[in-house]
Amino acid sequence: MSEEIVLHAYWRSSASWRVRIALALKGLAWDTAPRDLLNDQQRAADYLAVNPQGVVPSLVVNGQVLTQSMAICEYLDEVYPEPPFLPQSPLERARVRAFAQIIACDIHPLQNIRVLKMVKALGQDQAGVERWAADAIERGLAAGAELIAGHEGPFCFGAQVTLADVLLVPQLYNARRYGARFDFGRIAAVEAACMALPAFAETAPDRQPGAII
């Protein structure tokens, strides 16, 4: 029996895109329940019943709710092991996770829409808000480029797509939004290799329900 999978997401959310990529790489079909963050639909009572934190994405699999994009991606990798998102070697697995966490833990929170609203409320104009976001992105990507410098590619950690790539590509979408540089090491080349794959290209934000082109 095929599983019923529903992704609660916002088309422009980079965390939501991570999960779309992961689902597509695993060859899974899903339905999208759009949540417009600009209109606070993530704070609606029906959604808070799904995810009390009031953020996206949330993945509902046969009625069971999963939250937090990294946890969702690792769940999918455990339940659907092919193709794997992590290398076999414990050392390389740790390196992939470290790269992914630079994005999920160090970059993304500082340029999240909730944080940027707080920065603006503290007195920054729009240019200052965007510079804050760009600085967070650039610092993280520069460090990430060093972590993957010893791997030939075409992806972050070699010839296979890993969790690192799943997180990197959506982050570069945000880099463009905020005018951040990402000409660090192999970062741009990795993005090009990923975007040549349908799992990345066909799940891009501009191809999602509710997207504003």
# chains A, B, ... in the order shown; residues from 1 in each chain; ligands from 1
$ select_by_dssp --residues "stretch 43-197 of chain A" --states "alpha helix (DSSP H)" --output "PyMOL selection string"
chain A and resi 45-48+69-79+90-101+113-121+126-147+163-177+187-195
$ write_last_selection --atoms "C-alpha atoms" --output "PDB file, in the first residue's frame"
ATOM      1  CA  ALA A  45      -5.788  27.310  14.337  1.00  0.00           C
ATOM      2  CA  ASP A  46      -6.061  24.368  11.950  1.00  0.00           C
ATOM      3  CA  TYR A  47      -2.338  24.474  11.255  1.00  0.00           C
ATOM      4  CA  LEU A  48      -1.342  24.951  14.884  1.00  0.00           C
ATOM      5  CA  SER A  69      13.228  19.814   7.899  1.00  0.00           C
ATOM      6  CA  MET A  70      16.456  18.113   8.987  1.00  0.00           C
ATOM      7  CA  ALA A  71      14.548  15.565  11.066  1.00  0.00           C
ATOM      8  CA  ILE A  72      12.139  14.986   8.174  1.00  0.00           C
ATOM      9  CA  CYS A  73      14.969  14.409   5.699  1.00  0.00           C
ATOM     10  CA  GLU A  74      16.703  11.945   8.001  1.00  0.00           C
ATOM     11  CA  TYR A  75      13.403  10.136   8.631  1.00  0.00           C
ATOM     12  CA  LEU A  76      12.903   9.756   4.885  1.00  0.00           C
ATOM     13  CA  ASP A  77      16.450   8.450   4.548  1.00  0.00           C
ATOM     14  CA  GLU A  78      15.901   5.834   7.234  1.00  0.00           C
ATOM     15  CA  VAL A  79      12.543   4.644   5.921  1.00  0.00           C
ATOM     16  CA  PRO A  90      30.994   7.369  10.074  1.00  0.00           C
ATOM     17  CA  LEU A  91      33.658  10.047   9.514  1.00  0.00           C
ATOM     18  CA  GLU A  92      32.154  11.145   6.197  1.00  0.00           C
ATOM     19  CA  ARG A  93      28.638  11.022   7.653  1.00  0.00           C
ATOM     20  CA  ALA A  94      29.757  13.411  10.373  1.00  0.00           C
ATOM     21  CA  ARG A  95      31.270  15.735   7.774  1.00  0.00           C
ATOM     22  CA  VAL A  96      28.078  15.781   5.706  1.00  0.00           C
ATOM     23  CA  ARG A  97      26.018  16.502   8.811  1.00  0.00           C
ATOM     24  CA  ALA A  98      28.408  19.278   9.839  1.00  0.00           C
ATOM     25  CA  PHE A  99      28.003  20.990   6.467  1.00  0.00           C
ATOM     26  CA  ALA A 100      24.231  20.607   6.613  1.00  0.00           C
ATOM     27  CA  GLN A 101      24.147  22.038  10.120  1.00  0.00           C
ATOM     28  CA  ILE A 113      11.650  35.819   8.193  1.00  0.00           C
ATOM     29  CA  ARG A 114      10.791  35.910  11.905  1.00  0.00           C
ATOM     30  CA  VAL A 115      14.289  37.077  12.839  1.00  0.00           C
ATOM     31  CA  LEU A 116      14.404  39.638  10.046  1.00  0.00           C
ATOM     32  CA  LYS A 117      11.144  41.134  11.282  1.00  0.00           C
ATOM     33  CA  MET A 118      12.719  41.465  14.721  1.00  0.00           C
ATOM     34  CA  VAL A 119      15.823  43.118  13.251  1.00  0.00           C
ATOM     35  CA  LYS A 120      13.600  45.620  11.465  1.00  0.00           C
ATOM     36  CA  ALA A 121      11.580  46.246  14.633  1.00  0.00           C
ATOM     37  CA  GLN A 126      15.176  47.404   4.758  1.00  0.00           C
ATOM     38  CA  ALA A 127      18.706  47.787   3.423  1.00  0.00           C
ATOM     39  CA  GLY A 128      20.090  47.051   6.878  1.00  0.00           C
ATOM     40  CA  VAL A 129      17.868  44.002   7.236  1.00  0.00           C
ATOM     41  CA  GLU A 130      19.008  42.613   3.901  1.00  0.00           C
ATOM     42  CA  ARG A 131      22.658  43.285   4.756  1.00  0.00           C
ATOM     43  CA  TRP A 132      22.183  41.371   8.027  1.00  0.00           C
ATOM     44  CA  ALA A 133      20.777  38.409   6.099  1.00  0.00           C
ATOM     45  CA  ALA A 134      23.480  38.552   3.440  1.00  0.00           C
ATOM     46  CA  ASP A 135      26.253  38.676   6.022  1.00  0.00           C
ATOM     47  CA  ALA A 136      24.927  35.569   7.787  1.00  0.00           C
ATOM     48  CA  ILE A 137      24.703  33.740   4.479  1.00  0.00           C
ATOM     49  CA  GLU A 138      28.161  34.740   3.267  1.00  0.00           C
ATOM     50  CA  ARG A 139      29.913  33.817   6.502  1.00  0.00           C
ATOM     51  CA  GLY A 140      28.313  30.377   6.535  1.00  0.00           C
ATOM     52  CA  LEU A 141      28.888  29.622   2.867  1.00  0.00           C
ATOM     53  CA  ALA A 142      32.532  30.674   3.075  1.00  0.00           C
ATOM     54  CA  ALA A 143      33.047  28.198   5.922  1.00  0.00           C
ATOM     55  CA  GLY A 144      31.083  25.488   4.120  1.00  0.00           C
ATOM     56  CA  ALA A 145      33.216  25.916   1.018  1.00  0.00           C
ATOM     57  CA  GLU A 146      36.279  25.089   3.081  1.00  0.00           C
ATOM     58  CA  LEU A 147      34.651  21.898   4.375  1.00  0.00           C
ATOM     59  CA  LEU A 163      22.106  15.788   2.752  1.00  0.00           C
ATOM     60  CA  ALA A 164      24.645  18.582   2.286  1.00  0.00           C
ATOM     61  CA  ASP A 165      23.420  19.218  -1.269  1.00  0.00           C
ATOM     62  CA  VAL A 166      19.783  18.995  -0.189  1.00  0.00           C
ATOM     63  CA  LEU A 167      20.361  21.906   2.189  1.00  0.00           C
ATOM     64  CA  LEU A 168      22.808  23.905   0.083  1.00  0.00           C
ATOM     65  CA  VAL A 169      20.699  24.510  -3.005  1.00  0.00           C
ATOM     66  CA  PRO A 170      17.714  26.097  -1.201  1.00  0.00           C
ATOM     67  CA  GLN A 171      20.118  28.274   0.759  1.00  0.00           C
ATOM     68  CA  LEU A 172      21.560  29.650  -2.476  1.00  0.00           C
ATOM     69  CA  TYR A 173      18.044  30.635  -3.520  1.00  0.00           C
ATOM     70  CA  ASN A 174      17.962  32.785  -0.394  1.00  0.00           C
ATOM     71  CA  ALA A 175      21.450  34.096  -1.125  1.00  0.00           C
ATOM     72  CA  ARG A 176      20.164  35.539  -4.391  1.00  0.00           C
ATOM     73  CA  ARG A 177      17.124  37.059  -2.682  1.00  0.00           C
ATOM     74  CA  ILE A 187      29.675  26.232  -4.046  1.00  0.00           C
ATOM     75  CA  ALA A 188      28.284  27.581  -7.348  1.00  0.00           C
ATOM     76  CA  ALA A 189      29.513  24.535  -9.299  1.00  0.00           C
ATOM     77  CA  VAL A 190      27.761  22.200  -6.863  1.00  0.00           C
ATOM     78  CA  GLU A 191      24.529  24.132  -7.313  1.00  0.00           C
ATOM     79  CA  ALA A 192      24.784  23.803 -11.095  1.00  0.00           C
ATOM     80  CA  ALA A 193      25.306  20.039 -10.825  1.00  0.00           C
ATOM     81  CA  CYS A 194      22.306  19.685  -8.504  1.00  0.00           C
ATOM     82  CA  MET A 195      20.002  21.830 -10.616  1.00  0.00           C
TER      83      MET A 195
END
$ residues_around --residues "stretch 26-42 of chain A" --least-positions-apart "4" --cutoff "8 Å" --atoms "only C-alpha atoms" --output "PyMOL selection string"
chain A and resi 4-11+22+47-48+54-56+76+80+82-83+209-210
$ atom_distance --atom1 "atom CA of A:Pro205" --atom2 "atom CA of A:Val61"
22.1 Å
$ closest_residue --among "A:Leu25, A:Gln124, A:Gln53, A:Val60" --to "A:Glu3" --atoms "only C-alpha atoms"
A:Val60
$ select_by_dssp --residues "chain A" --states "strand (DSSP E or B)" --output "PDB file with C-alpha atoms, in the first residue's frame"
ATOM      1  CA  ILE A   5       2.034  12.042   2.260  1.00  0.00           C
ATOM      2  CA  VAL A   6       1.046  15.678   2.705  1.00  0.00           C
ATOM      3  CA  LEU A   7       3.602  18.486   2.888  1.00  0.00           C
ATOM      4  CA  HIS A   8       2.543  21.701   4.605  1.00  0.00           C
ATOM      5  CA  ALA A   9       4.814  24.298   3.046  1.00  0.00           C
ATOM      6  CA  ASP A  31       0.330  16.460  -1.941  1.00  0.00           C
ATOM      7  CA  THR A  32       1.104  20.047  -0.962  1.00  0.00           C
ATOM      8  CA  ALA A  33      -0.915  22.023   1.569  1.00  0.00           C
ATOM      9  CA  PRO A  34       0.243  25.619   0.955  1.00  0.00           C
ATOM     10  CA  SER A  58       5.426  19.852   8.367  1.00  0.00           C
ATOM     11  CA  LEU A  59       5.142  16.436   6.746  1.00  0.00           C
ATOM     12  CA  VAL A  60       2.147  14.242   7.476  1.00  0.00           C
ATOM     13  CA  VAL A  61       2.734  10.572   6.632  1.00  0.00           C
ATOM     14  CA  GLN A  64       1.655  10.981  11.605  1.00  0.00           C
ATOM     15  CA  VAL A  65       3.116  14.485  11.809  1.00  0.00           C
ATOM     16  CA  LEU A  66       6.808  15.169  11.339  1.00  0.00           C
ATOM     17  CA  THR A  67       8.353  18.608  11.850  1.00  0.00           C
ATOM     18  CA  PHE A 155      28.371  17.400  -5.527  1.00  0.00           C
ATOM     19  CA  GLY A 158      31.775  13.612  -4.232  1.00  0.00           C
TER      20      GLY A 158
END
$ atom_distance --atom1 "atom CA of A:Pro52" --atom2 "atom CA of A:Pro109"
18.4 Å
$ atom_distance --atom1 "atom CA of A:Pro87" --atom2 "atom CA of A:Thr162"
7.6 Å
$ closest_residue --among "A:Ala211, A:Leu110, A:Ala196, A:Val50" --to "A:Pro154" --atoms "only C-alpha atoms"
A:Ala196
$ decode --residues "stretch 141-190 of chain A" --atoms "C-alpha atoms" --output "PDB file, in the first residue's frame"
ATOM      1  CA  LEU A 141      28.888  29.622   2.867  1.00  0.00           C
ATOM      2  CA  ALA A 142      32.532  30.674   3.075  1.00  0.00           C
ATOM      3  CA  ALA A 143      33.047  28.198   5.922  1.00  0.00           C
ATOM      4  CA  GLY A 144      31.083  25.488   4.120  1.00  0.00           C
ATOM      5  CA  ALA A 145      33.216  25.916   1.018  1.00  0.00           C
ATOM      6  CA  GLU A 146      36.279  25.089   3.081  1.00  0.00           C
ATOM      7  CA  LEU A 147      34.651  21.898   4.375  1.00  0.00           C
ATOM      8  CA  ILE A 148      34.048  20.561   0.870  1.00  0.00           C
ATOM      9  CA  ALA A 149      37.255  21.843  -0.717  1.00  0.00           C
ATOM     10  CA  GLY A 150      38.960  18.446  -0.565  1.00  0.00           C
ATOM     11  CA  HIS A 151      36.219  16.646  -2.495  1.00  0.00           C
ATOM     12  CA  GLU A 152      36.247  16.636  -6.284  1.00  0.00           C
ATOM     13  CA  GLY A 153      32.510  16.761  -6.796  1.00  0.00           C
ATOM     14  CA  PRO A 154      30.408  17.281  -8.750  1.00  0.00           C
ATOM     15  CA  PHE A 155      28.371  17.400  -5.527  1.00  0.00           C
ATOM     16  CA  CYS A 156      29.415  18.630  -2.103  1.00  0.00           C
ATOM     17  CA  PHE A 157      30.999  15.379  -1.001  1.00  0.00           C
ATOM     18  CA  GLY A 158      31.775  13.612  -4.232  1.00  0.00           C
ATOM     19  CA  ALA A 159      29.865  11.781  -6.909  1.00  0.00           C
ATOM     20  CA  GLN A 160      26.638  11.227  -4.935  1.00  0.00           C
ATOM     21  CA  VAL A 161      24.037  13.702  -3.716  1.00  0.00           C
ATOM     22  CA  THR A 162      23.995  13.911   0.071  1.00  0.00           C
ATOM     23  CA  LEU A 163      22.106  15.788   2.752  1.00  0.00           C
ATOM     24  CA  ALA A 164      24.645  18.582   2.286  1.00  0.00           C
ATOM     25  CA  ASP A 165      23.420  19.218  -1.269  1.00  0.00           C
ATOM     26  CA  VAL A 166      19.783  18.995  -0.189  1.00  0.00           C
ATOM     27  CA  LEU A 167      20.361  21.906   2.189  1.00  0.00           C
ATOM     28  CA  LEU A 168      22.808  23.905   0.083  1.00  0.00           C
ATOM     29  CA  VAL A 169      20.699  24.510  -3.005  1.00  0.00           C
ATOM     30  CA  PRO A 170      17.714  26.097  -1.201  1.00  0.00           C
ATOM     31  CA  GLN A 171      20.118  28.274   0.759  1.00  0.00           C
ATOM     32  CA  LEU A 172      21.560  29.650  -2.476  1.00  0.00           C
ATOM     33  CA  TYR A 173      18.044  30.635  -3.520  1.00  0.00           C
ATOM     34  CA  ASN A 174      17.962  32.785  -0.394  1.00  0.00           C
ATOM     35  CA  ALA A 175      21.450  34.096  -1.125  1.00  0.00           C
ATOM     36  CA  ARG A 176      20.164  35.539  -4.391  1.00  0.00           C
ATOM     37  CA  ARG A 177      17.124  37.059  -2.682  1.00  0.00           C
ATOM     38  CA  TYR A 178      19.302  38.992  -0.266  1.00  0.00           C
ATOM     39  CA  GLY A 179      22.131  39.835  -2.656  1.00  0.00           C
ATOM     40  CA  ALA A 180      24.649  37.649  -0.848  1.00  0.00           C
ATOM     41  CA  ARG A 181      27.821  36.408  -2.490  1.00  0.00           C
ATOM     42  CA  PHE A 182      28.283  32.703  -2.940  1.00  0.00           C
ATOM     43  CA  ASP A 183      31.381  32.643  -5.130  1.00  0.00           C
ATOM     44  CA  PHE A 184      33.238  30.586  -2.564  1.00  0.00           C
ATOM     45  CA  GLY A 185      35.207  27.546  -3.709  1.00  0.00           C
ATOM     46  CA  ARG A 186      32.992  24.934  -5.399  1.00  0.00           C
ATOM     47  CA  ILE A 187      29.675  26.232  -4.046  1.00  0.00           C
ATOM     48  CA  ALA A 188      28.284  27.581  -7.348  1.00  0.00           C
ATOM     49  CA  ALA A 189      29.513  24.535  -9.299  1.00  0.00           C
ATOM     50  CA  VAL A 190      27.761  22.200  -6.863  1.00  0.00           C
TER      51      VAL A 190
END
